$ cat structure-v1.txt   # compact mmCIF, N, CA and C atoms
# COMPACT_ATOMS: atom_id res chain seq x y z
N MET A 35 17.56 81.02 -5.84
CA MET A 35 18.09 80.69 -7.15
C MET A 35 18.81 79.35 -7.06
N ASN A 36 18.32 78.37 -7.78
CA ASN A 36 18.86 77.02 -7.75
C ASN A 36 19.74 76.81 -8.98
N GLN A 37 21.04 76.78 -8.77
CA GLN A 37 21.97 76.63 -9.89
C GLN A 37 22.52 75.21 -9.90
N SER A 38 22.42 74.57 -11.04
CA SER A 38 22.98 73.22 -11.13
C SER A 38 24.46 73.31 -11.46
N PRO A 39 25.24 72.35 -11.01
CA PRO A 39 26.67 72.38 -11.30
C PRO A 39 26.91 72.21 -12.80
N SER A 40 28.08 72.66 -13.25
CA SER A 40 28.38 72.54 -14.68
C SER A 40 28.52 71.07 -15.09
N PHE A 41 28.15 70.82 -16.31
CA PHE A 41 28.17 69.46 -16.84
C PHE A 41 29.61 68.98 -16.98
N PRO A 42 29.96 67.82 -16.38
CA PRO A 42 31.32 67.29 -16.55
C PRO A 42 31.45 66.68 -17.95
N VAL A 43 32.34 67.20 -18.73
CA VAL A 43 32.50 66.78 -20.12
C VAL A 43 33.29 65.48 -20.20
N PHE A 44 32.82 64.56 -21.02
CA PHE A 44 33.55 63.33 -21.31
C PHE A 44 34.11 63.47 -22.72
N PRO A 45 35.38 63.89 -22.86
CA PRO A 45 35.92 64.18 -24.19
C PRO A 45 36.03 62.95 -25.07
N MET A 46 35.95 63.19 -26.37
CA MET A 46 35.99 62.09 -27.33
C MET A 46 37.34 61.36 -27.30
N TYR A 47 38.42 62.06 -27.00
CA TYR A 47 39.71 61.37 -26.99
C TYR A 47 39.81 60.35 -25.86
N PHE A 48 38.94 60.44 -24.83
CA PHE A 48 38.91 59.40 -23.82
C PHE A 48 38.49 58.07 -24.44
N ARG A 49 37.55 58.13 -25.37
CA ARG A 49 37.16 56.91 -26.08
C ARG A 49 38.33 56.35 -26.88
N GLY A 50 39.07 57.25 -27.52
CA GLY A 50 40.23 56.82 -28.28
C GLY A 50 41.28 56.16 -27.41
N ILE A 51 41.47 56.71 -26.22
CA ILE A 51 42.43 56.11 -25.29
C ILE A 51 41.96 54.72 -24.86
N LEU A 52 40.66 54.58 -24.61
CA LEU A 52 40.12 53.26 -24.26
C LEU A 52 40.32 52.27 -25.40
N LEU A 53 40.04 52.70 -26.64
CA LEU A 53 40.24 51.82 -27.79
C LEU A 53 41.71 51.43 -27.93
N LEU A 54 42.60 52.41 -27.80
CA LEU A 54 44.03 52.15 -27.91
C LEU A 54 44.51 51.23 -26.80
N ALA A 55 44.08 51.48 -25.57
CA ALA A 55 44.49 50.62 -24.45
C ALA A 55 44.00 49.19 -24.65
N GLY A 56 42.77 49.05 -25.13
CA GLY A 56 42.24 47.72 -25.39
C GLY A 56 43.00 46.99 -26.48
N MET A 57 43.26 47.68 -27.60
CA MET A 57 43.99 47.04 -28.70
C MET A 57 45.42 46.71 -28.31
N TYR A 58 46.05 47.59 -27.55
CA TYR A 58 47.42 47.37 -27.09
C TYR A 58 47.48 46.15 -26.17
N THR A 59 46.53 46.05 -25.28
CA THR A 59 46.49 44.90 -24.36
C THR A 59 46.22 43.62 -25.13
N ILE A 60 45.30 43.66 -26.09
CA ILE A 60 45.01 42.48 -26.90
C ILE A 60 46.24 42.05 -27.68
N ALA A 61 46.94 43.01 -28.29
CA ALA A 61 48.11 42.68 -29.11
C ALA A 61 49.21 42.02 -28.30
N TRP A 62 49.57 42.60 -27.15
CA TRP A 62 50.63 42.01 -26.35
C TRP A 62 50.20 40.67 -25.76
N SER A 63 48.95 40.56 -25.39
CA SER A 63 48.46 39.29 -24.84
C SER A 63 48.43 38.21 -25.92
N ALA A 64 48.11 38.58 -27.14
CA ALA A 64 48.13 37.61 -28.25
C ALA A 64 49.54 37.12 -28.49
N ILE A 65 50.52 38.00 -28.34
CA ILE A 65 51.92 37.56 -28.48
C ILE A 65 52.24 36.52 -27.42
N PHE A 66 51.82 36.74 -26.19
CA PHE A 66 52.05 35.75 -25.14
C PHE A 66 51.31 34.46 -25.44
N ARG A 67 50.09 34.57 -25.91
CA ARG A 67 49.26 33.39 -26.17
C ARG A 67 49.82 32.56 -27.33
N LEU A 68 50.26 33.22 -28.39
CA LEU A 68 50.66 32.51 -29.60
C LEU A 68 52.14 32.16 -29.66
N MET A 69 52.98 32.94 -29.00
CA MET A 69 54.43 32.74 -29.11
C MET A 69 55.05 32.41 -27.75
N GLY A 70 54.35 31.70 -26.91
CA GLY A 70 54.74 31.44 -25.53
C GLY A 70 56.22 31.27 -25.26
N GLY A 71 56.83 30.23 -25.79
CA GLY A 71 58.24 29.96 -25.50
C GLY A 71 59.17 31.02 -26.07
N SER A 72 58.87 31.50 -27.25
CA SER A 72 59.74 32.51 -27.88
C SER A 72 59.73 33.82 -27.10
N ILE A 73 58.57 34.24 -26.66
CA ILE A 73 58.50 35.50 -25.91
C ILE A 73 59.19 35.35 -24.55
N LEU A 74 59.11 34.17 -23.96
CA LEU A 74 59.81 33.95 -22.69
C LEU A 74 61.32 33.98 -22.88
N ASP A 75 61.80 33.39 -23.97
CA ASP A 75 63.24 33.44 -24.26
C ASP A 75 63.69 34.88 -24.47
N TRP A 76 62.86 35.67 -25.17
CA TRP A 76 63.20 37.06 -25.41
C TRP A 76 63.19 37.84 -24.09
N LEU A 77 62.18 37.62 -23.26
CA LEU A 77 62.09 38.32 -21.98
C LEU A 77 63.22 37.93 -21.03
N ALA A 78 63.66 36.67 -21.11
CA ALA A 78 64.72 36.19 -20.22
C ALA A 78 66.06 36.85 -20.53
N ASP A 79 66.21 37.38 -21.76
CA ASP A 79 67.41 38.12 -22.15
C ASP A 79 68.69 37.30 -21.93
N GLY A 80 68.64 36.05 -22.36
CA GLY A 80 69.82 35.20 -22.29
C GLY A 80 69.89 34.31 -21.07
N ASN A 81 69.06 34.52 -20.07
CA ASN A 81 69.05 33.64 -18.90
C ASN A 81 68.42 32.30 -19.28
N MET A 82 68.90 31.25 -18.67
CA MET A 82 68.33 29.93 -18.91
C MET A 82 67.02 29.80 -18.12
N ILE A 83 66.00 29.27 -18.79
CA ILE A 83 64.70 29.10 -18.15
C ILE A 83 64.42 27.61 -18.05
N ASP A 84 64.21 27.12 -16.83
CA ASP A 84 63.87 25.72 -16.62
C ASP A 84 62.38 25.54 -16.42
N ALA A 85 61.73 26.56 -15.90
CA ALA A 85 60.33 26.44 -15.50
C ALA A 85 59.40 26.51 -16.72
N THR A 86 58.29 25.85 -16.59
CA THR A 86 57.23 25.97 -17.58
C THR A 86 56.23 26.98 -17.03
N LEU A 87 56.23 28.14 -17.60
CA LEU A 87 55.37 29.23 -17.13
C LEU A 87 54.07 29.23 -17.91
N PRO A 88 52.97 29.64 -17.27
CA PRO A 88 51.65 29.59 -17.91
C PRO A 88 51.39 30.75 -18.87
N VAL A 89 52.20 30.86 -19.92
CA VAL A 89 52.08 32.00 -20.83
C VAL A 89 50.77 31.98 -21.62
N THR A 90 50.27 30.81 -21.96
CA THR A 90 49.02 30.77 -22.73
C THR A 90 47.84 31.22 -21.88
N TYR A 91 47.83 30.87 -20.62
CA TYR A 91 46.76 31.33 -19.73
C TYR A 91 46.87 32.84 -19.49
N TYR A 92 48.11 33.28 -19.29
CA TYR A 92 48.36 34.71 -19.09
C TYR A 92 47.90 35.49 -20.33
N GLY A 93 48.26 35.00 -21.50
CA GLY A 93 47.86 35.66 -22.74
C GLY A 93 46.36 35.62 -22.97
N GLY A 94 45.74 34.49 -22.65
CA GLY A 94 44.28 34.38 -22.80
C GLY A 94 43.54 35.32 -21.88
N PHE A 95 43.99 35.42 -20.64
CA PHE A 95 43.37 36.35 -19.70
C PHE A 95 43.59 37.79 -20.15
N GLY A 96 44.78 38.08 -20.66
CA GLY A 96 45.07 39.42 -21.16
C GLY A 96 44.20 39.80 -22.34
N ILE A 97 43.91 38.85 -23.24
CA ILE A 97 43.01 39.12 -24.37
C ILE A 97 41.62 39.46 -23.85
N LEU A 98 41.15 38.72 -22.85
CA LEU A 98 39.85 39.01 -22.26
C LEU A 98 39.82 40.41 -21.65
N VAL A 99 40.87 40.78 -20.92
CA VAL A 99 40.95 42.12 -20.32
C VAL A 99 40.97 43.19 -21.40
N GLY A 100 41.75 42.96 -22.45
CA GLY A 100 41.80 43.91 -23.55
C GLY A 100 40.45 44.09 -24.23
N LEU A 101 39.71 43.00 -24.40
CA LEU A 101 38.37 43.10 -24.99
C LEU A 101 37.42 43.91 -24.11
N LEU A 102 37.51 43.72 -22.79
CA LEU A 102 36.68 44.50 -21.87
C LEU A 102 36.97 45.99 -22.00
N ILE A 103 38.25 46.34 -22.05
CA ILE A 103 38.63 47.75 -22.19
C ILE A 103 38.18 48.28 -23.54
N PHE A 104 38.39 47.50 -24.59
CA PHE A 104 38.01 47.91 -25.95
C PHE A 104 36.50 48.15 -26.05
N PHE A 105 35.70 47.22 -25.55
CA PHE A 105 34.24 47.37 -25.63
C PHE A 105 33.72 48.51 -24.76
N SER A 106 34.44 48.84 -23.68
CA SER A 106 33.99 49.94 -22.83
C SER A 106 34.03 51.27 -23.56
N ALA A 107 34.80 51.38 -24.63
CA ALA A 107 34.91 52.64 -25.37
C ALA A 107 33.64 52.98 -26.12
N PHE A 108 32.79 52.00 -26.40
CA PHE A 108 31.58 52.27 -27.18
C PHE A 108 30.54 53.05 -26.37
N TYR A 109 30.37 52.72 -25.11
CA TYR A 109 29.46 53.44 -24.21
C TYR A 109 30.15 53.64 -22.86
N PRO A 110 31.18 54.50 -22.81
CA PRO A 110 31.99 54.59 -21.59
C PRO A 110 31.25 55.10 -20.37
N VAL A 111 30.21 55.90 -20.55
CA VAL A 111 29.48 56.41 -19.39
C VAL A 111 28.51 55.35 -18.88
N SER A 112 27.83 54.67 -19.78
CA SER A 112 26.89 53.63 -19.38
C SER A 112 27.60 52.37 -18.91
N TRP A 113 28.73 52.07 -19.53
CA TRP A 113 29.44 50.83 -19.24
C TRP A 113 30.70 51.09 -18.41
N VAL A 114 30.61 51.93 -17.39
CA VAL A 114 31.77 52.19 -16.54
C VAL A 114 32.23 50.93 -15.82
N TYR A 115 31.31 49.99 -15.63
CA TYR A 115 31.71 48.74 -14.97
C TYR A 115 32.71 47.95 -15.83
N LEU A 116 32.66 48.12 -17.15
CA LEU A 116 33.66 47.47 -18.00
C LEU A 116 35.03 48.12 -17.83
N ILE A 117 35.02 49.44 -17.63
CA ILE A 117 36.29 50.13 -17.41
C ILE A 117 36.92 49.66 -16.10
N ILE A 118 36.12 49.56 -15.04
CA ILE A 118 36.67 49.11 -13.76
C ILE A 118 37.08 47.64 -13.83
N ALA A 119 36.38 46.84 -14.63
CA ALA A 119 36.80 45.45 -14.84
C ALA A 119 38.14 45.41 -15.58
N GLY A 120 38.32 46.31 -16.54
CA GLY A 120 39.60 46.38 -17.25
C GLY A 120 40.74 46.83 -16.34
N ILE A 121 40.46 47.81 -15.48
CA ILE A 121 41.47 48.26 -14.52
C ILE A 121 41.85 47.12 -13.58
N THR A 122 40.85 46.42 -13.08
CA THR A 122 41.10 45.28 -12.20
C THR A 122 41.90 44.20 -12.93
N GLY A 123 41.55 43.95 -14.17
CA GLY A 123 42.28 42.97 -14.97
C GLY A 123 43.73 43.36 -15.19
N LYS A 124 43.98 44.65 -15.46
CA LYS A 124 45.36 45.11 -15.64
C LYS A 124 46.16 44.95 -14.34
N ILE A 125 45.52 45.20 -13.21
CA ILE A 125 46.19 45.02 -11.92
C ILE A 125 46.50 43.54 -11.70
N ILE A 126 45.54 42.67 -12.02
CA ILE A 126 45.77 41.22 -11.88
C ILE A 126 46.89 40.77 -12.79
N LEU A 127 46.91 41.27 -14.05
CA LEU A 127 47.98 40.90 -14.98
C LEU A 127 49.35 41.35 -14.47
N ALA A 128 49.41 42.57 -13.91
CA ALA A 128 50.68 43.07 -13.39
C ALA A 128 51.16 42.22 -12.21
N ILE A 129 50.25 41.89 -11.29
CA ILE A 129 50.62 41.07 -10.14
C ILE A 129 51.01 39.67 -10.58
N TRP A 130 50.25 39.10 -11.51
CA TRP A 130 50.54 37.77 -12.03
C TRP A 130 51.92 37.75 -12.67
N PHE A 131 52.23 38.76 -13.48
CA PHE A 131 53.54 38.81 -14.13
C PHE A 131 54.65 38.98 -13.11
N ALA A 132 54.43 39.89 -12.14
CA ALA A 132 55.47 40.16 -11.13
C ALA A 132 55.74 38.94 -10.26
N LEU A 133 54.70 38.26 -9.83
CA LEU A 133 54.89 37.12 -8.92
C LEU A 133 55.12 35.80 -9.65
N GLY A 134 54.57 35.65 -10.83
CA GLY A 134 54.65 34.37 -11.53
C GLY A 134 55.76 34.25 -12.54
N PHE A 135 56.20 35.36 -13.11
CA PHE A 135 57.19 35.29 -14.18
C PHE A 135 58.57 35.81 -13.77
N ILE A 136 58.60 36.93 -13.04
CA ILE A 136 59.88 37.56 -12.72
C ILE A 136 60.81 36.65 -11.91
N PRO A 137 60.30 35.86 -10.94
CA PRO A 137 61.24 34.98 -10.21
C PRO A 137 61.98 33.99 -11.12
N ASP A 138 61.34 33.53 -12.18
CA ASP A 138 62.00 32.58 -13.08
C ASP A 138 62.79 33.27 -14.19
N LEU A 139 62.34 34.44 -14.63
CA LEU A 139 62.98 35.12 -15.74
C LEU A 139 64.11 36.05 -15.31
N GLY A 140 64.06 36.53 -14.10
CA GLY A 140 65.04 37.51 -13.64
C GLY A 140 64.60 38.92 -14.03
N TRP A 141 65.28 39.92 -13.50
CA TRP A 141 64.92 41.31 -13.76
C TRP A 141 65.87 41.88 -14.80
N ASN A 142 65.32 42.44 -15.87
CA ASN A 142 66.11 43.12 -16.88
C ASN A 142 65.24 44.19 -17.54
N LYS A 143 65.79 44.87 -18.52
CA LYS A 143 65.05 45.98 -19.13
C LYS A 143 63.82 45.50 -19.91
N ARG A 144 63.84 44.30 -20.44
CA ARG A 144 62.67 43.78 -21.16
C ARG A 144 61.54 43.46 -20.19
N ILE A 145 61.90 42.91 -19.06
CA ILE A 145 60.91 42.63 -18.01
C ILE A 145 60.31 43.95 -17.51
N ALA A 146 61.18 44.94 -17.30
CA ALA A 146 60.72 46.25 -16.84
C ALA A 146 59.77 46.86 -17.86
N PHE A 147 60.09 46.73 -19.16
CA PHE A 147 59.20 47.24 -20.20
C PHE A 147 57.84 46.57 -20.13
N GLN A 148 57.83 45.26 -20.04
CA GLN A 148 56.56 44.52 -19.99
C GLN A 148 55.74 44.93 -18.78
N LEU A 149 56.36 44.98 -17.64
CA LEU A 149 55.62 45.26 -16.40
C LEU A 149 55.19 46.73 -16.31
N ILE A 150 56.11 47.64 -16.60
CA ILE A 150 55.80 49.06 -16.42
C ILE A 150 54.98 49.61 -17.57
N PHE A 151 55.45 49.47 -18.80
CA PHE A 151 54.78 50.11 -19.93
C PHE A 151 53.57 49.35 -20.45
N ASN A 152 53.56 48.05 -20.34
CA ASN A 152 52.42 47.28 -20.86
C ASN A 152 51.33 47.05 -19.83
N GLU A 153 51.63 47.13 -18.57
CA GLU A 153 50.63 46.85 -17.55
C GLU A 153 50.36 48.05 -16.63
N ILE A 154 51.36 48.53 -15.93
CA ILE A 154 51.16 49.51 -14.87
C ILE A 154 50.86 50.91 -15.41
N LEU A 155 51.59 51.37 -16.42
CA LEU A 155 51.41 52.73 -16.91
C LEU A 155 50.02 52.98 -17.48
N TRP A 156 49.40 51.96 -18.04
CA TRP A 156 48.05 52.11 -18.60
C TRP A 156 47.01 52.34 -17.51
N LEU A 157 47.34 52.03 -16.27
CA LEU A 157 46.38 52.24 -15.18
C LEU A 157 46.05 53.72 -14.97
N ILE A 158 47.02 54.60 -15.21
CA ILE A 158 46.79 56.03 -14.97
C ILE A 158 45.68 56.58 -15.87
N PRO A 159 45.77 56.46 -17.20
CA PRO A 159 44.67 56.99 -18.02
C PRO A 159 43.36 56.23 -17.80
N LEU A 160 43.43 54.94 -17.54
CA LEU A 160 42.20 54.18 -17.32
C LEU A 160 41.48 54.65 -16.06
N ILE A 161 42.21 54.94 -15.01
CA ILE A 161 41.59 55.43 -13.78
C ILE A 161 41.00 56.82 -13.98
N VAL A 162 41.73 57.70 -14.68
CA VAL A 162 41.21 59.04 -14.96
C VAL A 162 39.92 58.96 -15.77
N ILE A 163 39.90 58.11 -16.78
CA ILE A 163 38.71 57.95 -17.62
C ILE A 163 37.56 57.36 -16.80
N PHE A 164 37.84 56.39 -15.95
CA PHE A 164 36.81 55.81 -15.10
C PHE A 164 36.20 56.86 -14.19
N LEU A 165 37.05 57.66 -13.56
CA LEU A 165 36.54 58.69 -12.65
C LEU A 165 35.68 59.71 -13.39
N ARG A 166 36.09 60.11 -14.59
CA ARG A 166 35.28 61.04 -15.36
C ARG A 166 33.96 60.40 -15.78
N GLY A 167 34.00 59.14 -16.15
CA GLY A 167 32.76 58.44 -16.50
C GLY A 167 31.79 58.38 -15.34
N ILE A 168 32.31 58.15 -14.14
CA ILE A 168 31.47 58.14 -12.94
C ILE A 168 30.88 59.53 -12.69
N GLN A 169 31.70 60.58 -12.87
CA GLN A 169 31.21 61.94 -12.69
C GLN A 169 30.04 62.23 -13.63
N VAL A 170 30.22 61.90 -14.90
CA VAL A 170 29.17 62.15 -15.89
C VAL A 170 27.93 61.33 -15.57
N LYS A 171 28.11 60.07 -15.22
CA LYS A 171 26.98 59.20 -14.89
C LYS A 171 26.21 59.73 -13.69
N ASN A 172 26.92 60.15 -12.65
CA ASN A 172 26.25 60.71 -11.46
C ASN A 172 25.54 62.01 -11.79
N TYR A 173 26.15 62.86 -12.61
CA TYR A 173 25.51 64.11 -13.00
C TYR A 173 24.21 63.84 -13.75
N LEU A 174 24.26 62.90 -14.68
CA LEU A 174 23.04 62.56 -15.44
C LEU A 174 21.96 61.97 -14.56
N ALA A 175 22.35 61.21 -13.55
CA ALA A 175 21.37 60.64 -12.64
C ALA A 175 20.72 61.71 -11.76
N GLU A 176 21.49 62.72 -11.36
CA GLU A 176 20.97 63.78 -10.50
C GLU A 176 20.19 64.86 -11.27
N ASN A 177 20.52 65.03 -12.56
CA ASN A 177 19.89 66.07 -13.38
C ASN A 177 19.27 65.41 -14.62
N PRO A 178 18.10 64.84 -14.49
CA PRO A 178 17.52 64.09 -15.59
C PRO A 178 17.06 64.95 -16.78
N GLU A 179 16.97 66.26 -16.63
CA GLU A 179 16.44 67.08 -17.72
C GLU A 179 17.36 67.16 -18.88
$ encode --input "structure-v1.txt" --output "structure tokens"
Amino acid sequence: MNQSPSFPVFPMYFRGILLLAGMYTIAWSAIFRLMGGSILDWLADGNMIDATLPVTYYGGFGILVGLLIFFSAFYPVSWVYLIIAGITGKIILAIWFALGFIPDLGWNKRIAFQLIFNEILWLIPLIVIFLRGIQVKNYLAENPE
């Protein structure tokens, strides 16, 4: 008796999380892109900033990452490579912010919010969704019927 394993379900709310993560990343990155100096002053929380930080590049890269995550929601099982590209992009954004911005801005609650809630915390649901997408994709490849 040959029993196939149960089908790994890819719930619809995973798509919603991908859409939300993409829009959230795009929105915050657009703020960096469009309001560069103002957002840095707000993040600095009263500290004087002498450095010219690459906020427009950071914001532009973040918009690209957000678009990758957003578009992955349309076909998350077929386009799992977009999800992993989004995860990689979020990791790059977190490292870029930690190494490129924090030394000049200092550490405060606004910096912690940007780094933890806007970059790092989104990695958990994105990784879970990626792993489920891989499970479904592998199941479909092994069981073509």
$ residues_around --input "structure-v1.txt" --residues "segment 112-116 of chain A" --least-positions-apart "3" --cutoff "8 Å" --atoms "only C-alpha atoms" --output "list of chain:residue names"
A:Leu102, A:Ile103, A:Phe105, A:Ser106, A:Tyr109, A:Ala119, A:Gly120, A:Phe164, A:Gly167, A:Ile168, A:Lys171
$ select_by_dssp --input "structure-v1.txt" --residues "chain A" --states "helix (DSSP H, G or I)" --output "number ranges by chain"
A: 46-68, 70-78, 89-106, 114-134, 136-139, 143-154, 157-176
$ closest_residue --input "structure-v1.txt" --among "A:Pro45, A:Val89, A:Gly96, A:Phe131" --to "Gln148 of chain A" --atoms "only N, CA and C atoms"
A:Phe131
$ atom_distance --input "structure-v1.txt" --atom1 "atom CA of Asp138 of chain A" --atom2 "atom CA of Gly80 of chain A"
12.4 Å
$ residues_around --input "structure-v1.txt" --residues "Gly56 of chain A" --least-positions-apart "3" --cutoff "7 Å" --atoms "all atoms listed in the file" --output "list in words"
Ile51, Leu52, Leu53, Thr59, Ile60, Ala61, Val99, Gly100, Leu101, Leu102, Ile103, Phe104 and Phe105 of chain A
$ atom_distance --input "structure-v1.txt" --atom1 "atom N of Phe147 of chain A" --atom2 "atom N of Phe48 of chain A"
25.8 Å
$ atom_distance --input "structure-v1.txt" --atom1 "atom CA of Leu160 of chain A" --atom2 "atom CA of Trp62 of chain A"
17.3 Å
$ closest_residue --input "structure-v1.txt" --among "A:Trp156, A:Ala78, A:Leu127, A:Thr86" --to "Asn142 of chain A" --atoms "all atoms listed in the file"
A:Ala78
$ closest_residue --input "structure-v1.txt" --among "A:Gly50, A:Pro178, A:Pro88, A:Trp76" --to "Gly134 of chain A" --atoms "all atoms listed in the file"
A:Pro88
$ closest_residue --input "structure-v1.txt" --among "A:Leu174, A:Ile145, A:Leu77, A:Ile125" --to "Leu157 of chain A" --atoms "all atoms listed in the file"
A:Ile125
$ axis_aligned_box --input "structure-v1.txt" --around "segment 169-174 of chain A" --padding-each-side "5 Å" --output "JSON"
{"center_x": 26.8, "center_y": 61.7, "center_z": -13.7, "size_x": 19.7, "size_y": 14.9, "size_z": 14.4}
$ residues_around --input "structure-v1.txt" --residues "Tyr173 of chain A" --least-positions-apart "5" --cutoff "12 Å" --atoms "only C-alpha atoms" --output "CSV table (one decimal) with N, CA and C atoms, keeping the file's coordinate frame"
chain,number,residue,atom,x,y,z
A,38,SER,N,22.4,74.6,-11.0
A,38,SER,CA,23.0,73.2,-11.1
A,38,SER,C,24.5,73.3,-11.5
A,39,PRO,N,25.2,72.4,-11.0
A,39,PRO,CA,26.7,72.4,-11.3
A,39,PRO,C,26.9,72.2,-12.8
A,40,SER,N,28.1,72.7,-13.2
A,40,SER,CA,28.4,72.5,-14.7
A,40,SER,C,28.5,71.1,-15.1
A,41,PHE,N,28.2,70.8,-16.3
A,41,PHE,CA,28.2,69.5,-16.8
A,41,PHE,C,29.6,69.0,-17.0
A,42,PRO,N,30.0,67.8,-16.4
A,42,PRO,CA,31.3,67.3,-16.6
A,42,PRO,C,31.4,66.7,-18.0
A,43,VAL,N,32.3,67.2,-18.7
A,43,VAL,CA,32.5,66.8,-20.1
A,43,VAL,C,33.3,65.5,-20.2
A,44,PHE,N,32.8,64.6,-21.0
A,44,PHE,CA,33.6,63.3,-21.3
A,44,PHE,C,34.1,63.5,-22.7
A,111,VAL,N,30.2,55.9,-20.6
A,111,VAL,CA,29.5,56.4,-19.4
A,111,VAL,C,28.5,55.4,-18.9
A,166,ARG,N,36.1,60.1,-14.6
A,166,ARG,CA,35.3,61.0,-15.4
A,166,ARG,C,34.0,60.4,-15.8
A,167,GLY,N,34.0,59.1,-16.2
A,167,GLY,CA,32.8,58.4,-16.5
A,167,GLY,C,31.8,58.4,-15.3
A,168,ILE,N,32.3,58.2,-14.1
A,168,ILE,CA,31.5,58.1,-12.9
A,168,ILE,C,30.9,59.5,-12.7
A,178,PRO,N,18.1,64.8,-14.5
A,178,PRO,CA,17.5,64.1,-15.6
A,178,PRO,C,17.1,65.0,-16.8
A,179,GLU,N,17.0,66.3,-16.6
A,179,GLU,CA,16.4,67.1,-17.7
A,179,GLU,C,17.4,67.2,-18.9
$ closest_residue --input "structure-v1.txt" --among "A:Gly71, A:Met57, A:Ala146, A:Trp130" --to "Ile83 of chain A" --atoms "only C-alpha atoms"
A:Gly71
